[in-house]
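Report on one structure; see the data block that follows.
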Amino acid sequence: MSNSGEQTFDEFLRATDLRSWDRNYMKWYGSIVIKPAASPDPFSFTLVLYLTDAHEKRSGICHVLEWNAERQTLCVTRSVHCAEPFHEDNRLRGVDKARNDLLFMQEPTDSVPSLLIETLLDDRFRSEICRNLQDPEERLAILHWLQDQQLSVYRLLSGPENSRNMFQKALFPLIPDLQKYYHRGEHKD
């Protein structure tokens, strides 16, 4: 769980100057999980940033950013030194040379595309995304947009016993485009 002493994404960006970081030495993973209606939080949003030094591509630092509903933004919840993370059962893991688990994400994560990373690094766009995630009226639209930008959006299932606490890719409703099929004033035959 997040606390108010954690560094926000904005503070982290000011401290690390990621905007000028060589993109060859950073990898991003992330997802949003829509929670069941009875959950205290409607969603979780996780980004994992793996940074390596230009001289040391074998190990680096994983910075885990998680949504903090109280602060209405992403916050750094932990940073661990590890080898390049890998996926196991759609969960991101980071280990050291002795194969000790240093990072094991409970929720599924996938690679985040470069254009979305650039969008998240932009203060204005990141702020707009965070504002829309907080607004129940805008949340569906921004989640749909994020999924269209190739950020994985999952649903945490709550149905029958055998599917509880499992994740499934989210689907979003289509907006009916009635004008495409019938224009006012036209007669149907």
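Identifiers in this document derive from the order of the structure tokens: chains are assigned A, B, ..., residues are numbered from 1 separately in each chain, and ligands are numbered from 1 in order of occurrence.
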Report as number ranges by chain all protein, DNA and RNA residues lying within 9 Å of region 143-147 of chain A, evaluated on only C-alpha atoms, omitting residues in the same chain fewer than 6 positions from it.
A: 32, 116, 129, 132-133, 153, 170-172
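Here CA of Leu74 (chain A) and CA of Trp21 (chain A) stand 19.7 Å from one another.
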When DSSP is applied to the backbone of this structure, which of region 111-175 of chain A are assigned helix (DSSP H, G or I)? Write them out as a ChimeraX atom specification.
/A:114-121,123-134,139-148,161-163
Just write the chosen residues, C-alpha atoms, as a PDB file, in the first residue's frame.
```pdb
ATOM      1  CA  SER A 114       7.712   3.821 -26.975  1.00  0.00           C
ATOM      2  CA  LEU A 115       5.104   6.391 -28.032  1.00  0.00           C
ATOM      3  CA  LEU A 116       3.090   5.842 -24.862  1.00  0.00           C
ATOM      4  CA  ILE A 117       6.279   6.201 -22.800  1.00  0.00           C
ATOM      5  CA  GLU A 118       6.907   9.574 -24.445  1.00  0.00           C
ATOM      6  CA  THR A 119       3.325  10.560 -23.645  1.00  0.00           C
ATOM      7  CA  LEU A 120       3.756   9.547 -19.993  1.00  0.00           C
ATOM      8  CA  LEU A 121       7.003  11.506 -19.758  1.00  0.00           C
ATOM      9  CA  ASP A 123       3.972  16.607 -17.818  1.00  0.00           C
ATOM     10  CA  ARG A 124       0.804  17.941 -19.431  1.00  0.00           C
ATOM     11  CA  PHE A 125      -0.325  14.644 -20.980  1.00  0.00           C
ATOM     12  CA  ARG A 126       0.537  12.610 -17.876  1.00  0.00           C
ATOM     13  CA  SER A 127      -1.443  15.056 -15.747  1.00  0.00           C
ATOM     14  CA  GLU A 128      -4.428  14.772 -18.113  1.00  0.00           C
ATOM     15  CA  ILE A 129      -4.283  10.956 -18.007  1.00  0.00           C
ATOM     16  CA  CYS A 130      -4.161  10.951 -14.189  1.00  0.00           C
ATOM     17  CA  ARG A 131      -7.024  13.466 -13.955  1.00  0.00           C
ATOM     18  CA  ASN A 132      -9.195  11.364 -16.281  1.00  0.00           C
ATOM     19  CA  LEU A 133      -8.425   8.146 -14.375  1.00  0.00           C
ATOM     20  CA  GLN A 134      -9.723   9.788 -11.197  1.00  0.00           C
ATOM     21  CA  ARG A 139     -12.391   6.721 -16.660  1.00  0.00           C
ATOM     22  CA  LEU A 140     -13.899   4.386 -19.269  1.00  0.00           C
ATOM     23  CA  ALA A 141     -12.785   6.653 -22.122  1.00  0.00           C
ATOM     24  CA  ILE A 142      -9.190   7.027 -20.874  1.00  0.00           C
ATOM     25  CA  LEU A 143      -8.891   3.282 -20.171  1.00  0.00           C
ATOM     26  CA  HIS A 144     -10.120   2.566 -23.691  1.00  0.00           C
ATOM     27  CA  TRP A 145      -7.653   5.123 -25.090  1.00  0.00           C
ATOM     28  CA  LEU A 146      -4.756   3.635 -23.086  1.00  0.00           C
ATOM     29  CA  GLN A 147      -5.634   0.171 -24.381  1.00  0.00           C
ATOM     30  CA  ASP A 148      -5.717   1.556 -27.941  1.00  0.00           C
ATOM     31  CA  GLU A 161     -14.898 -19.727  -7.460  1.00  0.00           C
ATOM     32  CA  ASN A 162     -12.611 -21.172 -10.150  1.00  0.00           C
ATOM     33  CA  SER A 163     -12.056 -17.753 -11.789  1.00  0.00           C
TER      34      SER A 163
END
```
Could you please write out, as an MDAnalysis selection string, every residue of region 20-152 of chain A that DSSP assigns to strand (DSSP E)?
chainID A and resid 26:34 43:53 56:68 73:83 86:88 91:95 101:104 110:111
Rounded to one decimal in Å, what is the spacing between CA of Ser79 (chain A) and CA of Tyr154 (chain A)?
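About the pair CA of Ser79 (chain A) and CA of Tyr154 (chain A): they are 24.2 Å apart.
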Tell me which of A:Phe45, A:Arg155, A:Asp177, A:Asn90 sits closest to Gln72 (chain A), counting only C-alpha atoms.
A:Phe45
Exercise: region 7-12 of chain A partners within 8 Å, only C-alpha atoms, chain neighbours under 4 positions left out, as a PyMOL selection string:
chain A and resi 16+65+73-77+123
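Among the candidates A:Glu138, A:Gly159, A:Arg164, A:Asp122, the residue lying nearest to Leu13 (chain A) is A:Asp122 (atoms considered: only C-alpha atoms).
CA of Glu107 (chain A) to CA of Val33 (chain A) spans 7.8 Å [interatomic distance, one decimal].
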